[in-house]
>>> print(open('run-v9.cif').read())   # mmCIF, C-alpha atoms
data_input
loop_
_atom_site.label_atom_id
_atom_site.label_comp_id
_atom_site.auth_asym_id
_atom_site.auth_seq_id
_atom_site.Cartn_x
_atom_site.Cartn_y
_atom_site.Cartn_z
CA MET A 334 0.00 0.00 0.00
CA SER A 335 1.39 3.43 -0.96
CA MET A 336 1.95 6.25 1.48
CA VAL A 337 -0.81 8.85 1.80
CA VAL A 338 0.34 12.42 2.46
CA TYR A 339 -2.08 15.11 3.62
CA ARG A 340 -0.61 18.50 2.70
CA CYS A 341 -1.77 20.86 5.45
CA GLN A 342 -1.58 24.59 5.93
CA ASP A 343 0.29 25.73 9.02
CA SER A 344 -2.84 26.18 11.10
CA LEU A 345 -4.68 24.24 13.77
CA GLU A 346 -7.83 24.17 11.63
CA SER A 347 -6.08 22.59 8.65
CA ILE A 348 -4.23 20.00 10.75
CA PHE A 349 -7.35 18.98 12.70
CA THR A 350 -9.25 18.72 9.41
CA ALA A 351 -6.55 16.38 8.09
CA ILE A 352 -6.81 14.22 11.23
CA PHE A 353 -10.57 14.01 10.77
CA ARG A 354 -10.19 13.01 7.11
CA ALA A 355 -7.61 10.35 7.94
CA TYR A 356 -10.17 8.65 10.20
CA GLU A 357 -13.16 9.38 7.99
CA GLU A 358 -11.43 7.85 4.98
CA LYS A 359 -10.25 4.87 7.07
CA ARG A 360 -6.59 5.34 6.24
CA ASN A 361 -3.88 3.01 7.48
CA HIS A 362 -2.30 5.28 10.09
CA GLU A 363 1.07 3.58 9.67
CA GLU A 364 1.07 4.65 6.02
CA THR A 365 -0.36 8.15 6.53
CA MET A 366 1.56 11.38 7.00
CA LEU A 367 0.58 14.98 7.72
CA CYS A 368 3.01 17.38 6.07
CA LEU A 369 3.37 21.16 6.21
CA THR A 370 5.94 21.48 3.43
CA ASP A 371 5.87 21.01 -0.33
CA ASP A 372 8.84 18.64 -0.31
CA PRO A 373 8.15 15.76 -2.71
CA ILE A 374 7.60 12.28 -1.28
CA PHE A 375 8.04 9.65 -3.96
CA PHE A 376 5.42 6.98 -4.56
CA ALA A 377 2.95 8.73 -2.26
CA GLU A 378 -0.58 9.95 -2.83
CA ASP A 379 -0.73 13.69 -2.18
CA ILE A 380 -3.97 15.16 -0.80
CA ALA A 381 -4.37 18.92 -0.32
CA VAL A 382 -6.27 19.82 2.86
CA SER A 383 -8.47 22.90 3.17
CA PRO A 384 -9.58 23.91 6.66
CA ASP A 385 -13.13 22.85 7.51
CA ALA A 386 -14.75 24.45 10.56
CA GLU A 387 -17.20 21.61 11.25
CA LYS A 388 -14.55 18.90 11.04
CA THR A 389 -12.19 20.96 13.18
CA HIS A 390 -14.81 21.35 15.94
CA ARG A 391 -15.61 17.64 15.85
CA VAL A 392 -11.95 16.78 16.36
CA MET A 393 -11.65 19.38 19.12
CA ASN A 394 -14.68 17.95 20.95
CA THR A 395 -13.37 14.38 20.61
CA LEU A 396 -9.94 15.31 21.97
CA LYS A 397 -11.43 17.15 24.94
CA ARG A 398 -13.83 14.31 25.71
CA ARG A 399 -11.32 11.48 25.37
CA PHE A 400 -8.14 13.06 26.74
CA GLY A 401 -9.32 15.98 28.88
CA THR A 402 -8.96 19.73 28.55
CA ASP A 403 -5.34 19.85 29.76
CA ASN A 404 -4.10 17.31 27.22
CA TYR A 405 -6.13 19.00 24.48
CA LEU A 406 -4.52 22.34 25.37
CA SER A 407 -1.08 20.70 25.22
CA LEU A 408 -1.79 19.45 21.69
CA CYS A 409 -2.84 22.97 20.67
CA MET A 410 0.36 24.37 22.17
CA ALA A 411 2.42 21.84 20.24
CA LEU A 412 0.76 23.08 17.04
CA ALA A 413 1.72 26.67 17.95
CA SER A 414 5.42 25.83 17.63
CA GLU A 415 7.53 26.53 14.55
CA ASP A 416 8.60 22.91 14.08
CA GLN A 417 7.87 21.58 10.58
CA GLU A 418 7.16 18.08 11.94
CA LYS A 419 4.57 19.19 14.49
CA ALA A 420 1.55 18.10 12.45
CA GLN A 421 2.80 14.52 12.13
CA ALA A 422 3.82 14.39 15.80
CA VAL A 423 0.39 15.54 16.99
CA TYR A 424 -1.41 13.22 14.56
CA ARG A 425 0.59 10.19 15.68
CA THR A 426 0.10 11.17 19.34
CA VAL A 427 -3.67 11.26 18.83
CA VAL A 428 -3.57 7.88 17.05
CA SER A 429 -1.50 6.41 19.89
CA GLY A 430 -3.83 7.81 22.52
CA LEU A 431 -6.96 6.46 20.87
CA ARG A 432 -5.39 3.04 20.33
CA ARG A 433 -4.31 2.79 23.95
CA GLY A 434 -7.68 3.99 25.19
CA CYS A 435 -6.09 6.87 27.09
CA ARG A 436 -8.29 8.77 29.48
CA GLN A 437 -7.86 12.22 30.95
CA GLY A 438 -4.26 12.99 31.85
CA GLN A 439 -2.81 9.86 30.19
CA LEU A 440 -2.13 11.02 26.63
CA PHE A 441 1.57 11.77 27.16
CA ASP A 442 2.36 8.81 29.42
CA ASN A 443 4.07 6.86 26.64
CA LEU A 444 7.13 9.09 26.20
CA ALA A 445 9.09 6.15 24.79
CA ASP A 446 7.12 6.74 21.58
CA ARG A 447 9.12 9.17 19.41
CA ASP A 448 6.10 11.15 18.21
CA VAL A 449 4.47 11.37 21.65
CA HIS A 450 7.77 12.57 23.09
CA LYS A 451 8.15 15.16 20.33
CA ALA A 452 4.60 16.50 20.80
CA PHE A 453 5.18 16.67 24.56
CA ALA A 454 8.49 18.53 24.11
CA LEU A 455 6.95 21.02 21.66
CA ALA A 456 4.02 21.67 24.01
CA ARG A 457 6.36 22.21 26.95
CA SER A 458 8.51 24.66 24.98
CA VAL A 459 5.46 26.67 23.89
CA SER A 460 4.04 26.59 27.43
CA THR A 461 7.30 28.07 28.72
CA GLU A 462 7.05 30.86 26.15
CA VAL A 463 3.45 31.56 27.21
CA GLY A 464 4.57 31.82 30.84
CA HIS A 465 7.37 34.21 29.91
CA GLN A 466 5.04 36.43 27.90
CA LYS A 467 2.57 36.64 30.78
CA GLN A 468 5.38 37.74 33.08
CA PHE A 469 7.31 40.12 30.83
CA LEU A 470 4.53 41.71 28.77
CA ARG A 471 4.18 45.44 29.50
CA PHE A 472 1.14 47.58 28.73
CA GLN A 473 1.40 51.29 27.98
CA GLU A 474 -1.47 53.75 28.29
CA LEU A 475 -2.00 55.78 25.12
CA ASP A 476 -3.47 59.27 24.79
CA ASN A 477 -6.90 57.83 24.05
CA GLY A 478 -6.89 55.68 27.20
CA LEU A 479 -6.21 52.42 25.34
CA LEU A 480 -3.74 49.97 26.87
CA TYR A 481 -1.26 48.83 24.22
CA SER A 482 1.49 46.23 24.24
CA ARG A 483 3.95 45.14 21.55
CA ILE A 484 5.48 41.65 21.72
CA GLY A 485 7.66 39.43 19.53
CA PRO A 486 7.28 35.84 20.83
CA LYS A 487 9.20 32.86 19.46
CA TYR A 488 5.94 31.01 18.81
CA ASP A 489 2.38 31.85 17.84
CA VAL A 490 1.16 32.16 21.44
CA LEU A 491 -1.16 35.17 21.36
CA VAL A 492 -4.21 32.90 21.46
CA PHE A 493 -3.01 31.59 24.85
CA ILE A 494 -2.13 35.03 26.22
CA MET A 495 -5.33 36.90 25.44
CA PRO A 496 -7.63 34.93 27.81
CA HIS A 497 -5.19 35.56 30.66
CA PHE A 498 -5.31 39.34 30.33
CA ALA A 499 -8.99 39.45 29.36
CA ASP A 500 -9.74 37.72 32.66
CA ARG A 501 -7.61 40.20 34.62
CA LEU A 502 -8.51 43.39 32.74
CA PRO A 503 -12.19 42.88 31.86
CA ILE A 504 -13.11 46.57 32.04
CA GLU A 505 -10.16 47.82 29.98
CA ASN A 506 -9.81 48.43 26.25
CA PHE A 507 -6.49 46.84 25.36
CA VAL A 508 -4.54 45.63 22.35
CA ILE A 509 -1.61 43.20 22.20
CA TYR A 510 0.33 43.32 18.93
CA ASP A 511 2.50 40.38 17.85
CA GLU A 512 4.82 42.17 15.46
CA LYS A 513 6.44 38.98 14.14
CA ARG A 514 3.12 37.69 12.80
CA SER A 515 1.31 41.00 12.16
CA LEU A 516 -1.40 39.81 14.55
CA PHE A 517 -3.47 42.01 16.85
CA GLY A 518 -5.34 40.67 19.87
CA ILE A 519 -8.12 43.21 20.54
CA HIS A 520 -10.15 43.36 23.74
CA PRO A 521 -13.03 45.88 23.93
CA ALA A 522 -14.02 46.66 27.52
CA GLN A 523 -16.49 44.12 28.93
CA LYS A 524 -16.77 42.34 25.56
CA GLU A 525 -15.27 39.27 23.90
CA TRP A 526 -11.75 39.61 22.54
CA TYR A 527 -10.89 38.84 18.93
CA PHE A 528 -8.01 38.78 16.45
CA PHE A 529 -7.14 41.05 13.56
CA ARG A 530 -4.37 40.08 11.17
CA GLY A 531 -2.81 42.47 8.68
CA GLU A 532 0.37 42.21 6.66
CA ASP A 533 0.90 45.95 7.11
CA GLY A 534 0.41 45.82 10.87
CA ASP A 535 3.75 47.50 11.45
CA LYS A 536 2.45 50.53 9.54
CA VAL A 537 -0.51 51.07 11.88
CA THR A 538 -0.24 54.45 13.56
CA VAL A 539 -0.21 54.15 17.34
CA PRO A 540 -1.20 57.28 19.31
CA GLY A 541 1.36 58.79 21.66
CA LEU A 542 1.64 57.89 25.32
CA SER A 543 -0.50 59.67 27.87
CA GLU A 544 1.19 62.13 30.23
CA ASP A 545 0.51 59.90 33.22
CA GLU A 546 2.07 56.94 31.39
CA MET A 547 5.26 58.87 30.66
CA THR A 548 5.47 59.98 34.28
CA TYR A 549 4.99 56.48 35.66
CA GLN A 550 7.43 54.97 33.18
CA GLU A 551 10.12 57.36 34.33
CA LEU A 552 9.33 56.64 37.98
CA PHE A 553 9.49 52.90 37.30
CA ARG A 554 12.85 53.18 35.55
CA GLN A 555 14.22 55.25 38.42
CA PHE A 556 12.90 52.70 40.90
CA CYS A 557 14.59 49.81 39.05
CA HIS A 558 17.85 51.81 38.91
CA THR A 559 17.68 52.79 42.59
CA ILE A 560 17.19 49.28 43.98
CA THR A 561 20.12 47.91 41.96
CA ILE A 562 23.07 46.85 44.13
CA GLU A 563 26.16 47.13 41.98
CA GLY A 564 28.17 44.73 44.13
CA ARG A 565 25.59 42.02 43.58
CA ARG A 566 25.08 42.51 39.87
CA ASN A 567 25.15 39.16 38.09
CA ALA A 568 24.63 39.65 34.36
CA GLN A 569 24.82 35.93 33.55
CA LEU A 570 22.13 35.03 36.09
CA GLN A 571 19.95 37.90 34.90
CA LYS A 572 20.16 36.66 31.31
CA GLY A 573 19.03 33.24 32.48
CA MET A 574 16.07 34.63 34.40
CA LEU A 575 15.21 37.30 31.83
CA PRO A 576 16.45 36.51 28.28
CA LEU A 577 17.73 39.45 26.28
CA ARG A 578 15.10 39.07 23.55
CA PHE A 579 12.36 40.29 25.91
CA ARG A 580 14.08 43.51 26.94
CA GLU A 581 13.33 45.59 23.87
CA TYR A 582 9.63 45.24 24.77
CA MET A 583 10.00 46.13 28.46
CA VAL A 584 9.72 49.66 29.81
CA GLU A 585 12.45 49.27 32.41
CA PHE A 586 15.07 48.47 29.74
CA GLN A 587 14.17 51.22 27.28
#
>>> encode(input="run-v9.cif", output="structure tokens")
Amino acid sequence: MSMVVYRCQDSLESIFTAIFRAYEEKRNHEETMLCLTDDPIFFAEDIAVSPDAEKTHRVMNTLKRRFGTDNYLSLCMALASEDQEKAQAVYRTVVSGLRRGCRQGQLFDNLADRDVHKAFALARSVSTEVGHQKQFLRFQELDNGLLYSRIGPKYDVLVFIMPHFADRLPIENFVIYDEKRSLFGIHPAQKEWYFFRGEDGDKVTVPGLSEDEMTYQELFRQFCHTITIEGRRNAQLQKGMLPLRFREYMVEFQ
């Protein structure tokens, strides 16, 4: 039997649609691959996958029901990585979990499996990035009262960050801009947040900072400078606790 290759877009919707089709079409999972690249695979049947909302939701519901919300979230985090093999790793992890009859919290128990281990490692790496962004993200108040933050995460994690701040700032109008992906997370006060993607996002004009914001930023920088003890400065430790790539987005380092 020849290999079947589902050519997916780099999106959760496309990958979940491919997983649904693999089961719907009763494919031999040992001879099925989910691929994000256009690299040729000889003697294989290529199938282009277009995202399908209904099939995506059916897969989402099945994963939550069979494996639990935490394991489902881990799979989503794995798909937020930049790894080109993530689709296959997640697909094979789902196949393994369903075969073994895994219940809630058991999906990643079989780390001896290469694909399960890879999906677990990708999810852990993305989870770490989400935690860093929650800690190091800085909002600035603009002239119009809007809270604005610019970030540049390693992975596509804005979807995991927005609920955190929406829960903590429900009465605020705020925007988080992922400049690497031209993606805006927009939260109107006391309403549901949503995304806006634009290739020219870096050309969007952002109003100036409010007077109070400039005052408090200066006070905060002075505070950080004042509490520094030169004799105990440890640049290497600081880099480990606060990687350099975050500093261009943080007020205290500007």
>>> residues_near_point(input="run-v9.cif", point="(2.6, 45.1, 27.6)", cutoff="12 Å", atoms="all atoms listed in the file", output="JSON, numbers by chain")
{"A": [466, 467, 468, 469, 470, 471, 472, 473, 474, 475, 479, 480, 481, 482, 483, 484, 485, 494, 495, 498, 507, 508, 509, 510, 511, 518, 579, 580, 581, 582, 583, 584, 585]}
>>> write_last_selection(input="run-v9.cif", atoms="C-alpha atoms", output="PDB file, keeping the file's coordinate frame")
ATOM      1  CA  GLN A 466       5.040  36.430  27.900  1.00  0.00           C
ATOM      2  CA  LYS A 467       2.570  36.640  30.780  1.00  0.00           C
ATOM      3  CA  GLN A 468       5.380  37.740  33.080  1.00  0.00           C
ATOM      4  CA  PHE A 469       7.310  40.120  30.830  1.00  0.00           C
ATOM      5  CA  LEU A 470       4.530  41.710  28.770  1.00  0.00           C
ATOM      6  CA  ARG A 471       4.180  45.440  29.500  1.00  0.00           C
ATOM      7  CA  PHE A 472       1.140  47.580  28.730  1.00  0.00           C
ATOM      8  CA  GLN A 473       1.400  51.290  27.980  1.00  0.00           C
ATOM      9  CA  GLU A 474      -1.470  53.750  28.290  1.00  0.00           C
ATOM     10  CA  LEU A 475      -2.000  55.780  25.120  1.00  0.00           C
ATOM     11  CA  LEU A 479      -6.210  52.420  25.340  1.00  0.00           C
ATOM     12  CA  LEU A 480      -3.740  49.970  26.870  1.00  0.00           C
ATOM     13  CA  TYR A 481      -1.260  48.830  24.220  1.00  0.00           C
ATOM     14  CA  SER A 482       1.490  46.230  24.240  1.00  0.00           C
ATOM     15  CA  ARG A 483       3.950  45.140  21.550  1.00  0.00           C
ATOM     16  CA  ILE A 484       5.480  41.650  21.720  1.00  0.00           C
ATOM     17  CA  GLY A 485       7.660  39.430  19.530  1.00  0.00           C
ATOM     18  CA  ILE A 494      -2.130  35.030  26.220  1.00  0.00           C
ATOM     19  CA  MET A 495      -5.330  36.900  25.440  1.00  0.00           C
ATOM     20  CA  PHE A 498      -5.310  39.340  30.330  1.00  0.00           C
ATOM     21  CA  PHE A 507      -6.490  46.840  25.360  1.00  0.00           C
ATOM     22  CA  VAL A 508      -4.540  45.630  22.350  1.00  0.00           C
ATOM     23  CA  ILE A 509      -1.610  43.200  22.200  1.00  0.00           C
ATOM     24  CA  TYR A 510       0.330  43.320  18.930  1.00  0.00           C
ATOM     25  CA  ASP A 511       2.500  40.380  17.850  1.00  0.00           C
ATOM     26  CA  GLY A 518      -5.340  40.670  19.870  1.00  0.00           C
ATOM     27  CA  PHE A 579      12.360  40.290  25.910  1.00  0.00           C
ATOM     28  CA  ARG A 580      14.080  43.510  26.940  1.00  0.00           C
ATOM     29  CA  GLU A 581      13.330  45.590  23.870  1.00  0.00           C
ATOM     30  CA  TYR A 582       9.630  45.240  24.770  1.00  0.00           C
ATOM     31  CA  MET A 583      10.000  46.130  28.460  1.00  0.00           C
ATOM     32  CA  VAL A 584       9.720  49.660  29.810  1.00  0.00           C
ATOM     33  CA  GLU A 585      12.450  49.270  32.410  1.00  0.00           C
TER      34      GLU A 585
END
>>> closest_atom_pairs(input="run-v9.cif", of="region 426-506 of chain A", to="region 398-419 of chain A", cutoff="12 Å", atoms="all atoms listed in the file", output="Markdown table")
| residue | atom | partner | partner_atom | distance |
| --- | --- | --- | --- | --- |
| A:Thr426 | CA | A:Leu408 | CA | 8.8 |
| A:Val427 | CA | A:Leu408 | CA | 8.9 |
| A:Val428 | CA | A:Phe400 | CA | 11.9 |
| A:Ser429 | CA | A:Phe400 | CA | 11.6 |
| A:Gly430 | CA | A:Phe400 | CA | 8.0 |
| A:Leu431 | CA | A:Arg399 | CA | 8.0 |
| A:Arg432 | CA | A:Arg399 | CA | 11.5 |
| A:Arg433 | CA | A:Arg399 | CA | 11.3 |
| A:Gly434 | CA | A:Arg399 | CA | 8.3 |
| A:Cys435 | CA | A:Phe400 | CA | 6.5 |
| A:Arg436 | CA | A:Phe400 | CA | 5.1 |
| A:Gln437 | CA | A:Phe400 | CA | 4.3 |
| A:Gly438 | CA | A:Asn404 | CA | 6.3 |
| A:Gln439 | CA | A:Phe400 | CA | 7.1 |
| A:Leu440 | CA | A:Phe400 | CA | 6.3 |
| A:Phe441 | CA | A:Asn404 | CA | 7.9 |
| A:Asp442 | CA | A:Asn404 | CA | 10.9 |
| A:Arg447 | CA | A:Glu418 | CA | 11.8 |
| A:Asp448 | CA | A:Lys419 | CA | 9.0 |
| A:Val449 | CA | A:Leu408 | CA | 10.2 |
| A:His450 | CA | A:Ala411 | CA | 11.1 |
| A:Lys451 | CA | A:Lys419 | CA | 7.9 |
| A:Ala452 | CA | A:Ala411 | CA | 5.8 |
| A:Phe453 | CA | A:Ala411 | CA | 7.3 |
| A:Ala454 | CA | A:Ala411 | CA | 7.9 |
| A:Leu455 | CA | A:Ala411 | CA | 4.8 |
| A:Ala456 | CA | A:Ala411 | CA | 4.1 |
| A:Arg457 | CA | A:Ser407 | CA | 7.8 |
| A:Ser458 | CA | A:Ser414 | CA | 8.1 |
| A:Val459 | CA | A:Met410 | CA | 5.9 |
| A:Ser460 | CA | A:Met410 | CA | 6.8 |
| A:Thr461 | CA | A:Met410 | CA | 10.2 |
| A:Glu462 | CA | A:Ser414 | CA | 10.0 |
| A:Val463 | CA | A:Met410 | CA | 9.3 |
| A:Pro486 | CA | A:Ser414 | CA | 10.7 |
| A:Lys487 | CA | A:Glu415 | CA | 8.2 |
| A:Tyr488 | CA | A:Ser414 | CA | 5.3 |
| A:Asp489 | CA | A:Ala413 | CA | 5.2 |
| A:Val490 | CA | A:Ala413 | CA | 6.5 |
| A:Leu491 | CA | A:Ala413 | CA | 9.6 |
| A:Val492 | CA | A:Ala413 | CA | 9.3 |
| A:Phe493 | CA | A:Met410 | CA | 8.4 |
| A:Ile494 | CA | A:Met410 | CA | 11.7 |
>>> atom_distance(input="run-v9.cif", atom1="CA of Lys397 (chain A)", atom2="CA of Met336 (chain A)")
29.1 Å
>>> closest_residue(input="run-v9.cif", among="A:Glu512, A:Glu563, A:Asp476, A:Glu358", to="Met547 (chain A)", atoms="only C-alpha atoms")
A:Asp476
>>> residues_around(input="run-v9.cif", residues="Leu516 (chain A)", least_positions_apart="6", cutoff="8 Å", atoms="only C-alpha atoms", output="list of chain:residue names")
A:Tyr510, A:Phe528, A:Phe529, A:Arg530, A:Gly531, A:Gly534
>>> atom_distance(input="run-v9.cif", atom1="CA of His390 (chain A)", atom2="CA of Tyr424 (chain A)")
15.7 Å
>>> residues_around(input="run-v9.cif", residues="Arg354 (chain A)", least_positions_apart="3", cutoff="12 Å", atoms="only C-alpha atoms", output="number ranges by chain")
A: 337-341, 347-351, 357-362, 365-367, 380-385, 387-389, 391-392, 424
>>> atom_distance(input="run-v9.cif", atom1="CA of His520 (chain A)", atom2="CA of Glu551 (chain A)")
26.8 Å
>>> axis_aligned_box(input="run-v9.cif", around="region 405-420 of chain A", padding_each_side="6 Å", output="lines of an AutoDock Vina configuration file")
center_x = 1.2
center_y = 22.4
center_z = 18.0
size_x = 26.7
size_y = 20.6
size_z = 26.8
>>> closest_residue(input="run-v9.cif", among="A:Met574, A:Leu396, A:Val539, A:Leu552", to="Val423 (chain A)", atoms="only C-alpha atoms")
A:Leu396
>>> closest_residue(input="run-v9.cif", among="A:Ile504, A:Ile374, A:Ala420, A:Ala386", to="Gln342 (chain A)", atoms="all atoms listed in the file")
A:Ala420
>>> closest_residue(input="run-v9.cif", among="A:His497, A:Asn506, A:Gly464, A:Ala422", to="Asp446 (chain A)", atoms="all atoms listed in the file")
A:Ala422
>>> closest_residue(input="run-v9.cif", among="A:Leu444, A:Ala355, A:Leu345, A:Leu575", to="His465 (chain A)", atoms="only C-alpha atoms")
A:Leu575
>>> decode(input="run-v9.cif", residues="region 488-539 of chain A", atoms="C-alpha atoms", output="short mmCIF file (atom, residue, chain, number, x, y, z; two decimals), in the first residue's frame")
data_model
loop_
_atom_site.label_atom_id
_atom_site.label_comp_id
_atom_site.auth_asym_id
_atom_site.auth_seq_id
_atom_site.Cartn_x
_atom_site.Cartn_y
_atom_site.Cartn_z
CA TYR A 488 5.94 31.01 18.81
CA ASP A 489 2.38 31.85 17.84
CA VAL A 490 1.16 32.16 21.44
CA LEU A 491 -1.16 35.17 21.36
CA VAL A 492 -4.21 32.90 21.46
CA PHE A 493 -3.01 31.59 24.85
CA ILE A 494 -2.13 35.03 26.22
CA MET A 495 -5.33 36.90 25.44
CA PRO A 496 -7.63 34.93 27.81
CA HIS A 497 -5.19 35.56 30.66
CA PHE A 498 -5.31 39.34 30.33
CA ALA A 499 -8.99 39.45 29.36
CA ASP A 500 -9.74 37.72 32.66
CA ARG A 501 -7.61 40.20 34.62
CA LEU A 502 -8.51 43.39 32.74
CA PRO A 503 -12.19 42.88 31.86
CA ILE A 504 -13.11 46.57 32.04
CA GLU A 505 -10.16 47.82 29.98
CA ASN A 506 -9.81 48.43 26.25
CA PHE A 507 -6.49 46.84 25.36
CA VAL A 508 -4.54 45.63 22.35
CA ILE A 509 -1.61 43.20 22.20
CA TYR A 510 0.33 43.32 18.93
CA ASP A 511 2.50 40.38 17.85
CA GLU A 512 4.82 42.17 15.46
CA LYS A 513 6.44 38.98 14.14
CA ARG A 514 3.12 37.69 12.80
CA SER A 515 1.31 41.00 12.16
CA LEU A 516 -1.40 39.81 14.55
CA PHE A 517 -3.47 42.01 16.85
CA GLY A 518 -5.34 40.67 19.87
CA ILE A 519 -8.12 43.21 20.54
CA HIS A 520 -10.15 43.36 23.74
CA PRO A 521 -13.03 45.88 23.93
CA ALA A 522 -14.02 46.66 27.52
CA GLN A 523 -16.49 44.12 28.93
CA LYS A 524 -16.77 42.34 25.56
CA GLU A 525 -15.27 39.27 23.90
CA TRP A 526 -11.75 39.61 22.54
CA TYR A 527 -10.89 38.84 18.93
CA PHE A 528 -8.01 38.78 16.45
CA PHE A 529 -7.14 41.05 13.56
CA ARG A 530 -4.37 40.08 11.17
CA GLY A 531 -2.81 42.47 8.68
CA GLU A 532 0.37 42.21 6.66
CA ASP A 533 0.90 45.95 7.11
CA GLY A 534 0.41 45.82 10.87
CA ASP A 535 3.75 47.50 11.45
CA LYS A 536 2.45 50.53 9.54
CA VAL A 537 -0.51 51.07 11.88
CA THR A 538 -0.24 54.45 13.56
CA VAL A 539 -0.21 54.15 17.34
#
